Every structure is written in structure tokens, then in C-alpha cells.
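To be precise, the following lines are protein.cif, and they hold mmCIF, C-alpha atoms.
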```
data_query
loop_
_atom_site.label_atom_id
_atom_site.label_comp_id
_atom_site.auth_asym_id
_atom_site.auth_seq_id
_atom_site.Cartn_x
_atom_site.Cartn_y
_atom_site.Cartn_z
CA MET Y 19 18.06 18.92 12.26
CA VAL Y 20 18.72 18.14 8.58
CA PHE Y 21 16.36 15.42 7.36
CA LYS Y 22 17.46 13.29 4.43
CA THR Y 23 14.24 11.28 4.07
CA PHE Y 24 10.50 11.93 4.06
CA LEU Y 25 7.95 9.21 4.74
CA ILE Y 26 4.88 9.85 2.58
CA LYS Y 27 1.56 8.81 4.10
CA TYR Y 28 -1.42 8.14 1.85
CA GLY Y 29 -5.10 7.63 2.66
CA GLU Y 30 -7.62 6.07 0.28
CA ILE Y 31 -4.90 4.28 -1.69
CA GLY Y 32 -4.51 1.93 1.26
CA ILE Y 33 -7.95 0.36 0.66
CA LYS Y 34 -7.50 -0.36 -3.05
CA GLY Y 35 -6.77 -4.05 -2.56
CA LYS Y 36 -4.97 -5.83 -5.37
CA ASN Y 37 -4.89 -2.62 -7.43
CA ARG Y 38 -3.11 -0.65 -4.75
CA TYR Y 39 0.26 -0.86 -6.48
CA LEU Y 40 -1.18 0.99 -9.50
CA PHE Y 41 -2.19 3.91 -7.30
CA GLU Y 42 1.13 3.83 -5.49
CA GLU Y 43 2.98 3.97 -8.80
CA ALA Y 44 0.83 6.91 -9.92
CA LEU Y 45 1.57 8.67 -6.63
CA VAL Y 46 5.30 8.09 -7.08
CA ASP Y 47 5.11 9.53 -10.60
CA GLN Y 48 3.27 12.62 -9.36
CA ILE Y 49 5.79 13.14 -6.56
CA ARG Y 50 8.69 12.91 -9.02
CA HIS Y 51 7.00 15.44 -11.28
CA ALA Y 52 6.32 17.85 -8.41
CA LEU Y 53 9.93 17.69 -7.19
CA LYS Y 54 11.30 18.64 -10.61
CA ARG Y 55 10.73 22.30 -9.71
CA VAL Y 56 12.79 21.99 -6.51
CA ASP Y 57 16.56 22.21 -6.53
CA GLY Y 58 18.02 18.94 -5.30
CA ASN Y 59 18.56 15.30 -6.16
CA PHE Y 60 15.59 13.25 -4.99
CA TRP Y 61 14.95 9.52 -5.09
CA VAL Y 62 11.30 8.46 -4.72
CA ARG Y 63 10.75 4.78 -3.88
CA ARG Y 64 8.09 2.31 -2.79
CA GLU Y 65 8.84 -0.21 -0.09
CA GLN Y 66 6.43 -2.55 1.73
CA GLY Y 67 3.36 -0.35 1.56
CA ARG Y 68 5.35 2.83 2.17
CA VAL Y 69 6.53 5.63 -0.13
CA TYR Y 70 9.76 7.44 0.70
CA VAL Y 71 11.50 10.51 -0.68
CA ASP Y 72 15.26 10.40 -0.15
CA CYS Y 73 17.14 13.68 -0.50
CA GLN Y 74 20.57 12.82 -1.86
CA ASP Y 75 22.10 16.33 -1.87
CA GLU Y 76 21.48 19.65 -0.17
CA TYR Y 77 17.92 20.88 -0.66
CA ASP Y 78 15.50 23.53 0.57
CA PHE Y 79 13.26 21.94 3.20
CA ASP Y 80 10.39 24.44 2.89
CA GLU Y 81 10.32 24.33 -0.92
CA THR Y 82 10.35 20.55 -0.89
CA VAL Y 83 7.49 20.33 1.60
CA ASP Y 84 5.51 22.94 -0.36
CA ALA Y 85 5.90 20.89 -3.55
CA LEU Y 86 4.85 17.69 -1.78
CA GLN Y 87 1.80 19.42 -0.26
CA LYS Y 88 0.49 20.02 -3.78
CA VAL Y 89 0.51 16.32 -4.72
CA PHE Y 90 -2.93 14.75 -4.52
CA GLY Y 91 -2.91 11.39 -2.77
CA ILE Y 92 -0.59 12.49 0.02
CA VAL Y 93 -2.26 12.92 3.43
CA GLY Y 94 0.91 13.34 5.50
CA ILE Y 95 4.57 14.23 5.01
CA CYS Y 96 6.86 12.97 7.77
CA PRO Y 97 10.49 14.14 8.03
CA VAL Y 98 12.25 11.02 9.33
CA VAL Y 99 15.57 10.05 10.84
CA VAL Y 100 16.83 6.85 9.23
CA THR Y 101 19.27 4.65 11.12
CA GLU Y 102 20.75 1.19 10.75
CA ASP Y 103 19.89 -1.51 13.27
CA LYS Y 104 22.86 -1.42 15.67
CA GLY Y 105 21.04 -2.76 18.68
CA PHE Y 106 18.43 -1.38 21.04
CA ASP Y 107 20.78 0.84 23.05
CA GLU Y 108 21.88 2.63 19.89
CA LEU Y 109 18.24 3.02 18.83
CA ALA Y 110 17.38 4.53 22.22
CA LYS Y 111 20.31 6.96 21.95
CA THR Y 112 19.18 8.03 18.47
CA CYS Y 113 15.62 8.64 19.73
CA VAL Y 114 16.84 10.68 22.70
CA ASP Y 115 19.13 12.76 20.46
CA TYR Y 116 16.24 13.32 18.06
CA LEU Y 117 13.91 14.50 20.84
CA ARG Y 118 16.59 16.73 22.34
CA GLU Y 119 17.11 18.52 19.03
CA GLU Y 120 13.47 18.74 17.94
CA TYR Y 121 11.99 19.55 21.38
CA PRO Y 122 14.72 21.37 23.34
CA GLU Y 123 12.27 22.47 26.05
CA GLY Y 124 12.15 18.84 27.20
CA ASN Y 125 8.98 19.09 29.27
CA ALA Y 126 6.27 17.77 26.94
CA THR Y 127 3.98 14.77 27.22
CA PHE Y 128 4.83 11.91 24.87
CA LYS Y 129 3.93 8.46 23.67
CA VAL Y 130 6.04 5.91 21.81
CA ASP Y 131 4.32 4.15 18.91
CA ALA Y 132 6.56 1.33 17.59
CA ARG Y 133 5.77 -0.86 14.61
CA ARG Y 134 7.86 -3.95 14.00
CA ALA Y 135 7.51 -4.79 10.31
CA ARG Y 136 10.65 -6.94 10.54
CA LYS Y 137 9.57 -9.78 12.80
CA ASN Y 138 13.09 -11.03 13.56
CA TYR Y 139 13.76 -7.95 15.65
CA PRO Y 140 14.45 -9.20 19.19
CA LYS Y 141 11.78 -7.06 20.91
CA THR Y 142 8.06 -6.94 20.26
CA SER Y 143 6.34 -3.65 19.48
CA MET Y 144 4.97 -3.43 23.03
CA GLU Y 145 8.42 -4.09 24.51
CA ILE Y 146 9.93 -1.37 22.31
CA ASN Y 147 7.25 1.06 23.46
CA CYS Y 148 7.91 0.35 27.13
CA ASP Y 149 11.70 0.20 26.97
CA LEU Y 150 12.06 3.29 24.79
CA GLY Y 151 9.66 5.17 27.05
CA GLU Y 152 11.85 4.28 30.04
CA LYS Y 153 15.00 5.53 28.28
CA ILE Y 154 13.27 8.80 27.32
CA LEU Y 155 12.07 9.40 30.90
CA ASP Y 156 15.60 8.79 32.14
CA ALA Y 157 16.96 11.38 29.69
CA PHE Y 158 14.15 13.93 30.22
CA PRO Y 159 12.95 13.86 33.85
CA GLU Y 160 10.41 16.63 33.16
CA MET Y 161 8.64 14.68 30.45
CA ARG Y 162 5.74 12.40 31.24
CA VAL Y 163 3.84 9.73 29.36
CA ASP Y 164 0.34 10.45 28.05
CA VAL Y 165 -1.05 7.60 25.96
CA HIS Y 166 -4.34 9.40 25.18
CA ASN Y 167 -3.39 12.92 24.11
CA PRO Y 168 0.38 13.30 23.94
CA ARG Y 169 2.00 16.40 22.58
CA ILE Y 170 4.74 14.25 21.01
CA MET Y 171 3.88 11.01 19.25
CA LEU Y 172 7.25 9.35 18.67
CA SER Y 173 6.83 6.82 15.86
CA VAL Y 174 9.45 4.13 15.36
CA GLU Y 175 9.17 1.77 12.38
CA ILE Y 176 11.42 -1.28 12.41
CA ARG Y 177 12.07 -2.31 8.81
CA GLU Y 178 15.28 -3.18 6.97
CA LYS Y 179 16.31 0.17 8.39
CA ILE Y 180 14.73 1.98 11.32
CA TYR Y 181 12.64 5.11 10.73
CA ILE Y 182 12.04 7.62 13.52
CA TYR Y 183 9.65 10.57 13.28
CA SER Y 184 7.19 12.60 15.32
CA LYS Y 185 5.82 15.25 12.98
CA ILE Y 186 3.21 14.79 10.26
CA ILE Y 187 2.85 17.76 7.91
CA PRO Y 188 -0.64 17.72 6.30
CA GLY Y 189 -0.87 16.87 2.61
CA ALA Y 190 -3.51 17.68 -0.01
CA GLY Y 191 -5.37 14.37 0.33
CA GLY Y 192 -7.43 12.98 -2.53
CA MET Y 193 -6.23 10.57 -5.21
CA PRO Y 194 -3.15 10.73 -7.47
CA VAL Y 195 -3.86 12.63 -10.68
CA GLY Y 196 -4.21 10.28 -13.62
CA THR Y 197 -5.92 7.44 -11.79
CA ASN Y 198 -9.50 8.44 -12.64
CA GLY Y 199 -9.61 9.49 -16.28
CA LYS Y 200 -9.64 12.93 -17.89
CA ALA Y 201 -12.07 15.85 -18.09
CA MET Y 202 -12.32 19.27 -19.76
CA LEU Y 203 -12.62 22.35 -17.53
CA LEU Y 204 -14.47 25.45 -18.74
CA LEU Y 205 -12.07 27.98 -17.23
CA SER Y 206 -13.04 31.63 -16.88
CA GLY Y 207 -11.33 34.47 -15.09
CA GLY Y 208 -13.58 34.21 -12.04
CA ILE Y 209 -13.27 32.61 -8.63
CA ASP Y 210 -15.36 29.50 -9.21
CA SER Y 211 -13.93 27.60 -12.18
CA PRO Y 212 -10.32 27.30 -10.91
CA VAL Y 213 -11.70 25.89 -7.65
CA ALA Y 214 -13.85 23.42 -9.62
CA GLY Y 215 -10.79 22.27 -11.56
CA TYR Y 216 -8.80 21.85 -8.36
CA MET Y 217 -11.55 19.79 -6.72
CA ILE Y 218 -12.00 17.42 -9.67
CA ALA Y 219 -8.22 16.99 -10.02
CA LYS Y 220 -8.16 16.11 -6.32
CA ARG Y 221 -10.18 13.01 -7.15
CA GLY Y 222 -7.45 11.78 -9.50
CA VAL Y 223 -8.78 13.28 -12.74
CA THR Y 224 -6.38 14.71 -15.32
CA ILE Y 225 -7.72 18.00 -16.68
CA ASP Y 226 -7.41 20.16 -19.76
CA ALA Y 227 -9.18 23.51 -20.04
CA VAL Y 228 -10.96 25.74 -22.53
CA TYR Y 229 -11.26 29.53 -22.21
CA PHE Y 230 -13.60 31.72 -24.28
CA HIS Y 231 -11.94 34.98 -25.27
CA ALA Y 232 -13.83 37.94 -26.80
CA PRO Y 233 -11.44 40.50 -28.26
CA PRO Y 234 -11.62 43.49 -28.44
CA TYR Y 235 -14.27 43.41 -25.69
CA THR Y 236 -11.90 41.48 -23.48
CA SER Y 237 -8.25 42.45 -23.28
CA GLU Y 238 -5.01 40.50 -23.50
CA ARG Y 239 -4.72 41.10 -19.76
CA ALA Y 240 -7.94 39.14 -19.29
CA LYS Y 241 -6.47 36.29 -21.31
CA GLN Y 242 -3.22 36.41 -19.33
CA LYS Y 243 -5.23 36.31 -16.12
CA VAL Y 244 -6.79 33.00 -17.21
CA VAL Y 245 -3.38 31.63 -18.22
CA ASP Y 246 -2.12 32.56 -14.74
CA LEU Y 247 -5.10 30.79 -13.15
CA ALA Y 248 -4.41 27.71 -15.26
CA LYS Y 249 -0.81 27.75 -13.98
CA ILE Y 250 -2.09 27.90 -10.39
CA VAL Y 251 -4.41 24.93 -10.94
CA SER Y 252 -1.63 23.01 -12.72
CA ARG Y 253 0.51 23.14 -9.57
CA TYR Y 254 -1.94 20.56 -8.26
CA SER Y 255 -3.30 18.94 -11.42
CA GLY Y 256 -0.06 18.67 -13.38
CA PRO Y 257 0.44 19.84 -16.98
CA MET Y 258 -2.64 20.79 -18.99
CA ASN Y 259 -3.58 22.08 -22.43
CA LEU Y 260 -5.47 25.39 -22.35
CA HIS Y 261 -7.56 25.96 -25.48
CA VAL Y 262 -8.24 29.67 -26.05
CA VAL Y 263 -11.31 30.10 -28.26
CA ASN Y 264 -12.16 33.41 -29.96
CA PHE Y 265 -15.85 33.67 -29.14
CA THR Y 266 -16.51 37.25 -30.27
CA ASP Y 267 -18.29 36.59 -33.59
CA ILE Y 268 -20.51 33.92 -32.04
CA GLN Y 269 -21.51 36.25 -29.22
CA LEU Y 270 -22.24 39.17 -31.55
CA TYR Y 271 -24.36 36.94 -33.78
CA ILE Y 272 -26.35 35.63 -30.81
CA TYR Y 273 -26.73 39.21 -29.56
CA GLU Y 274 -28.08 40.24 -32.98
CA LYS Y 275 -30.50 37.35 -33.53
CA CYS Y 276 -31.78 36.17 -30.15
CA PRO Y 277 -33.87 37.70 -27.35
CA HIS Y 278 -31.56 39.54 -24.98
CA ASP Y 279 -32.96 37.94 -21.86
CA GLU Y 280 -31.84 34.57 -23.28
CA LEU Y 281 -28.32 35.68 -24.26
CA THR Y 282 -26.47 34.12 -21.35
CA ILE Y 283 -28.19 30.74 -21.65
CA ILE Y 284 -27.69 30.48 -25.42
CA MET Y 285 -24.06 31.58 -25.15
CA ARG Y 286 -23.48 28.99 -22.45
CA ARG Y 287 -25.03 26.31 -24.66
CA TYR Y 288 -22.60 27.11 -27.46
CA MET Y 289 -19.69 27.17 -25.03
CA MET Y 290 -20.64 23.68 -23.90
CA ARG Y 291 -20.86 22.46 -27.50
CA ILE Y 292 -17.39 23.82 -28.30
CA ALA Y 293 -15.92 22.54 -25.03
CA GLU Y 294 -17.32 19.09 -25.85
CA HIS Y 295 -15.53 19.18 -29.21
CA PHE Y 296 -12.16 19.67 -27.51
CA ALA Y 297 -13.10 17.14 -24.83
CA ASN Y 298 -13.75 14.47 -27.44
CA ILE Y 299 -10.45 15.16 -29.20
CA SER Y 300 -8.48 14.91 -25.93
CA GLY Y 301 -10.16 11.72 -24.76
CA SER Y 302 -11.96 13.46 -21.90
CA LEU Y 303 -14.89 11.71 -20.28
CA GLY Y 304 -16.77 14.78 -19.10
CA LEU Y 305 -16.91 18.56 -18.74
CA ILE Y 306 -16.21 20.52 -15.55
CA THR Y 307 -17.85 23.83 -14.64
CA GLY Y 308 -17.80 26.03 -11.56
CA GLU Y 309 -21.56 26.44 -11.34
CA SER Y 310 -23.42 26.55 -8.02
CA ILE Y 311 -27.19 26.34 -7.78
CA GLY Y 312 -28.80 29.78 -7.67
CA GLN Y 313 -25.58 31.79 -7.56
CA VAL Y 314 -26.50 33.77 -10.72
CA ALA Y 315 -29.35 33.71 -13.25
CA SER Y 316 -27.59 31.18 -15.50
CA GLN Y 317 -27.20 28.77 -12.56
CA THR Y 318 -30.78 28.19 -11.50
CA MET Y 319 -32.02 24.62 -11.78
CA GLN Y 320 -33.93 25.53 -14.95
CA SER Y 321 -30.89 27.25 -16.47
CA LEU Y 322 -28.61 24.32 -15.70
CA ALA Y 323 -31.12 21.97 -17.31
CA ALA Y 324 -31.16 24.16 -20.43
CA THR Y 325 -27.36 24.10 -20.54
CA ASN Y 326 -27.22 20.33 -20.04
CA ASP Y 327 -29.65 19.88 -22.94
CA VAL Y 328 -26.87 20.29 -25.52
CA CYS Y 329 -24.32 18.02 -23.80
CA THR Y 330 -23.74 14.42 -24.78
CA MET Y 331 -21.19 13.74 -22.04
CA PRO Y 332 -21.47 14.19 -18.26
CA VAL Y 333 -21.06 17.66 -16.76
CA TYR Y 334 -19.32 17.63 -13.39
CA ARG Y 335 -20.12 20.53 -11.06
CA PRO Y 336 -18.17 20.01 -7.82
CA LEU Y 337 -19.35 23.36 -6.39
CA ILE Y 338 -23.03 22.71 -6.99
CA GLY Y 339 -23.99 22.87 -3.29
CA PHE Y 340 -21.39 25.42 -2.13
CA ASP Y 341 -22.20 28.96 -1.08
CA LYS Y 342 -19.88 31.75 -2.24
CA GLN Y 343 -17.85 31.99 0.95
CA GLU Y 344 -17.07 28.28 0.86
CA ILE Y 345 -15.78 28.70 -2.70
CA VAL Y 346 -13.73 31.74 -1.71
CA ASP Y 347 -12.19 29.78 1.17
CA VAL Y 348 -10.91 27.10 -1.22
CA SER Y 349 -9.73 29.77 -3.67
CA LEU Y 350 -7.69 31.36 -0.89
CA LYS Y 351 -6.33 27.96 0.13
CA ILE Y 352 -4.93 27.28 -3.35
CA ASP Y 353 -3.65 30.87 -3.81
CA ALA Y 354 -5.99 31.58 -6.73
CA TYR Y 355 -8.17 34.25 -5.11
CA GLU Y 356 -5.94 37.30 -5.63
CA THR Y 357 -5.58 36.45 -9.32
CA SER Y 358 -9.29 35.71 -9.74
CA ILE Y 359 -10.37 39.13 -8.45
CA LEU Y 360 -8.10 41.13 -10.78
CA PRO Y 361 -10.40 43.61 -12.61
CA PHE Y 362 -10.25 42.16 -16.13
CA GLU Y 363 -13.63 41.25 -17.62
CA ASP Y 364 -14.35 37.92 -19.29
CA CYS Y 365 -16.79 37.34 -22.14
CA CYS Y 366 -19.59 36.20 -19.84
CA THR Y 367 -19.70 39.52 -17.96
CA ILE Y 368 -19.25 41.73 -21.04
CA PHE Y 369 -22.36 40.45 -22.81
CA VAL Y 370 -24.60 39.86 -19.80
CA ALA Y 371 -28.25 40.87 -20.21
CA LYS Y 372 -29.78 43.50 -17.95
CA HIS Y 373 -32.70 41.23 -17.08
CA PRO Y 374 -31.70 37.62 -17.87
CA VAL Y 375 -34.28 34.87 -17.81
CA THR Y 376 -33.98 32.82 -14.62
CA LYS Y 377 -36.38 30.01 -15.53
CA PRO Y 378 -35.75 29.33 -19.21
CA ASN Y 379 -37.98 26.92 -21.08
CA ILE Y 380 -35.84 24.51 -23.07
CA ASN Y 381 -38.28 24.44 -26.00
CA VAL Y 382 -38.33 28.24 -26.17
CA ILE Y 383 -34.52 28.32 -26.11
CA ARG Y 384 -34.36 25.76 -28.93
CA ARG Y 385 -36.76 27.87 -31.03
CA SER Y 386 -34.63 30.95 -30.42
CA GLU Y 387 -31.55 29.06 -31.61
CA THR Y 388 -33.25 28.32 -34.96
CA LYS Y 389 -32.73 32.02 -35.75
CA LEU Y 390 -28.99 31.31 -35.80
CA GLU Y 391 -29.12 28.52 -38.39
CA GLU Y 392 -27.87 30.63 -41.30
CA LYS Y 393 -24.37 31.27 -39.94
CA ILE Y 394 -23.83 29.66 -36.54
CA ASP Y 395 -22.32 26.36 -37.73
CA GLU Y 396 -19.72 28.19 -39.80
CA LEU Y 397 -18.91 30.54 -36.91
CA VAL Y 398 -18.46 27.60 -34.53
CA LYS Y 399 -16.25 25.82 -37.08
CA THR Y 400 -14.08 28.92 -37.45
CA ALA Y 401 -13.82 29.39 -33.68
CA ILE Y 402 -12.65 25.79 -33.26
CA GLU Y 403 -10.17 25.94 -36.14
CA THR Y 404 -8.62 29.22 -34.98
CA ALA Y 405 -8.38 28.27 -31.30
CA GLU Y 406 -4.97 28.69 -29.70
CA THR Y 407 -3.65 25.87 -27.53
CA ILE Y 408 -1.29 26.86 -24.72
CA VAL Y 409 0.62 24.12 -22.93
CA ILE Y 410 0.62 24.83 -19.20
CA GLU Y 411 3.51 23.07 -17.46
#
```
Take the structure in the file and give it back as C-alpha cells.
Amino acid sequence: MVFKTFLIKYGEIGIKGKNRYLFEEALVDQIRHALKRVDGNFWVRREQGRVYVDCQDEYDFDETVDALQKVFGIVGICPVVVTEDKGFDELAKTCVDYLREEYPEGNATFKVDARRARKNYPKTSMEINCDLGEKILDAFPEMRVDVHNPRIMLSVEIREKIYIYSKIIPGAGGMPVGTNGKAMLLLSGGIDSPVAGYMIAKRGVTIDAVYFHAPPYTSERAKQKVVDLAKIVSRYSGPMNLHVVNFTDIQLYIYEKCPHDELTIIMRRYMMRIAEHFANISGSLGLITGESIGQVASQTMQSLAATNDVCTMPVYRPLIGFDKQEIVDVSLKIDAYETSILPFEDCCTIFVAKHPVTKPNINVIRRSETKLEEKIDELVKTAIETAETIVIE
């Protein structure tokens, strides 16, 4: 069956009260943006608490559904048959034809769930349920009604037109991107940070990203890997700016002046400072990292406190309580895992200490950073000024 319309179901948006229309409009905008990469002529519209996608020309069903499944705010995608109100007998015939084509085996359990949004329709919702059920049983003697656990839930919505559907394809859930501010993601080439960006974007946050590059210790392939990961995240989050910062001179200076067991913490502190600079310029309200408590030495409670010490804006860590397998599962779900495990080192792994401190004392770290006072401000200024910004569509 060729479907010309999709009914878009949303979740949390439905409880937003008087502001609901703002979230619906944001959802419509995100759907329109997502469908730009699909061949076809689509019309996205709002109507009485519903969002519809009308497909005006030929289109690829699977590509369209895949694009819609990457739009945060959508919990269900329903391919629907749309028909004019030509009387109940014609409605019953359309429902029977629909079931015959979608379920040719004809021996499933079913339930009719009618909703009469247009109150001048001559039958009540309960009457539609009963009368349609009778017509279906007449057409399919092997079918039977199961109101508790039916295999087929036939939904019929009586509006200006009549919408018939029985399948709900799962969506991404969450909130439409752009409804909850903006944040800056510290994006590396690992598994964790792309997942962190995905999870924050799922809550309606627009994201930009910053990546710390360390040539010649890290290759152009490592940089391209991060660009590819940003593209994967942007399928869900929408367009982003990726700021590529040359961090080599800062790292070498820290390596020269500071105790080696403190290298990772001090480097992370300067990464946070630089990321905050770009966050302030972009109007971001916080930083995002992929840290999880205890996963590595720089992610113990003491290490996270030492990192937070230099931040003036909130740091959001959506993976903070996840174990590694849970993070990997999400990475696989969003198709980022195979890219994340490509063997190209990032600057954090190149300059890692053999025996990093796991319980850093903030005062000791601050004293160590005083050894950098001669040149560090100039190096940070140069790194910011020479950063490359890549627009990820």
C-alpha cells in the first residue's frame, strides 16, 4: 500500500499547556529540516493537536521514515490512509480494504479504536467501534476481537477528513531541538562524547562542538574522524559549528612545566577554559562532556571537581552514571560506534601520563598551574585565534 500521509505522534509536548503550540512549531520546523535530505515534495502541517506529513509526489518510504526517526520530539510515526467522509458504509469498506492489504493472512486478533473529534458525525465513538468491528468480522471470519491484547489496533480518527492506521513506528522521543537553549559539546574521537551530545540534544538543546587537535601527534585522519562523528550527531541535533582548536603548543608547554601525573587534569582544565570561550561567543548556556564517574583517572569524583573548578558555566554530563556497555549500546543505536573505534588517536590519549593522579587536590593543581604563567595566556590566545570552524550540516 502506498501511503500519502504520516500522522506524527508526540509525547511530552502534549503536557506543555498554553505553550504547547511553540513546541509543536519547533517540531514542525525540525521535521521540515530532516525531510530536506529525502527526495520528494512534503507538506508538514499542524491541525487540532496533530502533526501530519503529506507526501505530494513519489517518495522513498524507508528513507522518509528513517529521516523522521531522527527527529527528537517524535514518539510515533503512523502511515495513514486518508479518506473523505462519504458515509459509514464507505468508511467500513475502506477499513476492510486496508486490513486486507496490510494483513493478507486475515486471521489476527483486532480491536477498533475510534476517536470522533468532529462531534457532528452521526455515530458516537463507541458505536463506530462496534459497527466497524461487525463489518470486519463479516469480511474476515477467521479474525476475532481482543480488546486487551490485540495484534491489530485499528485506529480511526474522525476529523474534517478520516484517518485510518494500525501501525506505529517508534520515534526518537525527547523534545524538539531548539526548545531548551544551546550548549557546547567537547567532542573527541572516542565513544562517549558523541553519545553525550546526542543525549543532550534529545532534551531539546541545540549544540555546537569543540575538538582539540594536536598535530603532528594526531593525524588529519583523526580530525576527519571527529568531523564524521559530528556529522552523525548532527543527523539528530541539526546543524552545528565544530571548532577545531590546535592544542599542541599548550600540551607541550604543560608537559614541560608541570608534574606528569597531573598532565591530564591540567590539560582538561585548559580545554574547559577554551571551550567556555567558544560557548560564550555562541550564546551557549553550558558545556557538555562524555565523562562517567570512575571510568578513567580523569573522571574520578576528585578529578571532576578539579575540572569544574575552572568553569563559570554549568557542565552537563549525561553519562555520569552509565557504565561502558550502556554507553556502547547508545553509540551502536545512533550508528556512531564503528566510527568511534577507528584507530586514530586523539590528543588526550597521546599525552596521557603513565601513572596519572586519581585524587587530585585542587590547591596543588592550582599551584602547578602557576608554573605556566609566563606563556600560557599567549598560547591560549593563539589557539583560540587560529581555531578552524567547520559548519556541519
*Met319 (chain Y): which residues within 12 Å, counting all atoms listed in the file, same-chain residues fewer than 6 positions away excluded, as a PyMOL selection string?*
chain Y and resi 309-313+325-326+338-339+376-380
*Report as an NGL selection string the full result of the PyMOL selection byres ((chain Y and resi 114) around 10) when it is applied to this structure.*
:Y and (108-113 or 115-120 or 150 or 153-158)
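Computed from the coordinates, the CA of Ala293 (chain Y) to CA of Gln343 (chain Y) distance equals 27.7 Å.
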*Given only C-alpha atoms as the counted atoms, nearest of Y:Val83, Y:Val251, Y:Val375, Y:Val99 to Asp226 (chain Y)*: Y:Val251
*Expanded to explicit residues, what is the PyMOL selection byres ((chain Y and resi 78) around 8) for this file, as a list of chain:residue names?*
Y:Val56, Y:Asp57, Y:Gly58, Y:Glu76, Y:Tyr77, Y:Phe79, Y:Asp80, Y:Glu81, Y:Thr82
Selection under test: the PyMOL selection byres ((chain Y and resi 228) around 12); residues as a PDB file with C-alpha atoms, in the frame of the given file:
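Result file part06.pdb:
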```pdb
ATOM      1  CA  ALA Y 201     -12.070  15.850 -18.090  1.00  0.00           C
ATOM      2  CA  MET Y 202     -12.320  19.270 -19.760  1.00  0.00           C
ATOM      3  CA  LEU Y 203     -12.620  22.350 -17.530  1.00  0.00           C
ATOM      4  CA  LEU Y 204     -14.470  25.450 -18.740  1.00  0.00           C
ATOM      5  CA  LEU Y 205     -12.070  27.980 -17.230  1.00  0.00           C
ATOM      6  CA  SER Y 206     -13.040  31.630 -16.880  1.00  0.00           C
ATOM      7  CA  GLY Y 207     -11.330  34.470 -15.090  1.00  0.00           C
ATOM      8  CA  SER Y 211     -13.930  27.600 -12.180  1.00  0.00           C
ATOM      9  CA  PRO Y 212     -10.320  27.300 -10.910  1.00  0.00           C
ATOM     10  CA  GLY Y 215     -10.790  22.270 -11.560  1.00  0.00           C
ATOM     11  CA  ILE Y 225      -7.720  18.000 -16.680  1.00  0.00           C
ATOM     12  CA  ASP Y 226      -7.410  20.160 -19.760  1.00  0.00           C
ATOM     13  CA  ALA Y 227      -9.180  23.510 -20.040  1.00  0.00           C
ATOM     14  CA  TYR Y 229     -11.260  29.530 -22.210  1.00  0.00           C
ATOM     15  CA  PHE Y 230     -13.600  31.720 -24.280  1.00  0.00           C
ATOM     16  CA  HIS Y 231     -11.940  34.980 -25.270  1.00  0.00           C
ATOM     17  CA  LYS Y 241      -6.470  36.290 -21.310  1.00  0.00           C
ATOM     18  CA  VAL Y 244      -6.790  33.000 -17.210  1.00  0.00           C
ATOM     19  CA  VAL Y 245      -3.380  31.630 -18.220  1.00  0.00           C
ATOM     20  CA  ALA Y 248      -4.410  27.710 -15.260  1.00  0.00           C
ATOM     21  CA  MET Y 258      -2.640  20.790 -18.990  1.00  0.00           C
ATOM     22  CA  ASN Y 259      -3.580  22.080 -22.430  1.00  0.00           C
ATOM     23  CA  LEU Y 260      -5.470  25.390 -22.350  1.00  0.00           C
ATOM     24  CA  HIS Y 261      -7.560  25.960 -25.480  1.00  0.00           C
ATOM     25  CA  VAL Y 262      -8.240  29.670 -26.050  1.00  0.00           C
ATOM     26  CA  VAL Y 263     -11.310  30.100 -28.260  1.00  0.00           C
ATOM     27  CA  ASN Y 264     -12.160  33.410 -29.960  1.00  0.00           C
ATOM     28  CA  PHE Y 265     -15.850  33.670 -29.140  1.00  0.00           C
ATOM     29  CA  MET Y 289     -19.690  27.170 -25.030  1.00  0.00           C
ATOM     30  CA  MET Y 290     -20.640  23.680 -23.900  1.00  0.00           C
ATOM     31  CA  ARG Y 291     -20.860  22.460 -27.500  1.00  0.00           C
ATOM     32  CA  ILE Y 292     -17.390  23.820 -28.300  1.00  0.00           C
ATOM     33  CA  ALA Y 293     -15.920  22.540 -25.030  1.00  0.00           C
ATOM     34  CA  GLU Y 294     -17.320  19.090 -25.850  1.00  0.00           C
ATOM     35  CA  HIS Y 295     -15.530  19.180 -29.210  1.00  0.00           C
ATOM     36  CA  PHE Y 296     -12.160  19.670 -27.510  1.00  0.00           C
ATOM     37  CA  ALA Y 297     -13.100  17.140 -24.830  1.00  0.00           C
ATOM     38  CA  SER Y 300      -8.480  14.910 -25.930  1.00  0.00           C
ATOM     39  CA  LEU Y 305     -16.910  18.560 -18.740  1.00  0.00           C
ATOM     40  CA  ILE Y 306     -16.210  20.520 -15.550  1.00  0.00           C
ATOM     41  CA  THR Y 307     -17.850  23.830 -14.640  1.00  0.00           C
ATOM     42  CA  ILE Y 402     -12.650  25.790 -33.260  1.00  0.00           C
ATOM     43  CA  ALA Y 405      -8.380  28.270 -31.300  1.00  0.00           C
ATOM     44  CA  GLU Y 406      -4.970  28.690 -29.700  1.00  0.00           C
ATOM     45  CA  THR Y 407      -3.650  25.870 -27.530  1.00  0.00           C
ATOM     46  CA  ILE Y 408      -1.290  26.860 -24.720  1.00  0.00           C
ATOM     47  CA  VAL Y 409       0.620  24.120 -22.930  1.00  0.00           C
TER      48      VAL Y 409
END
```
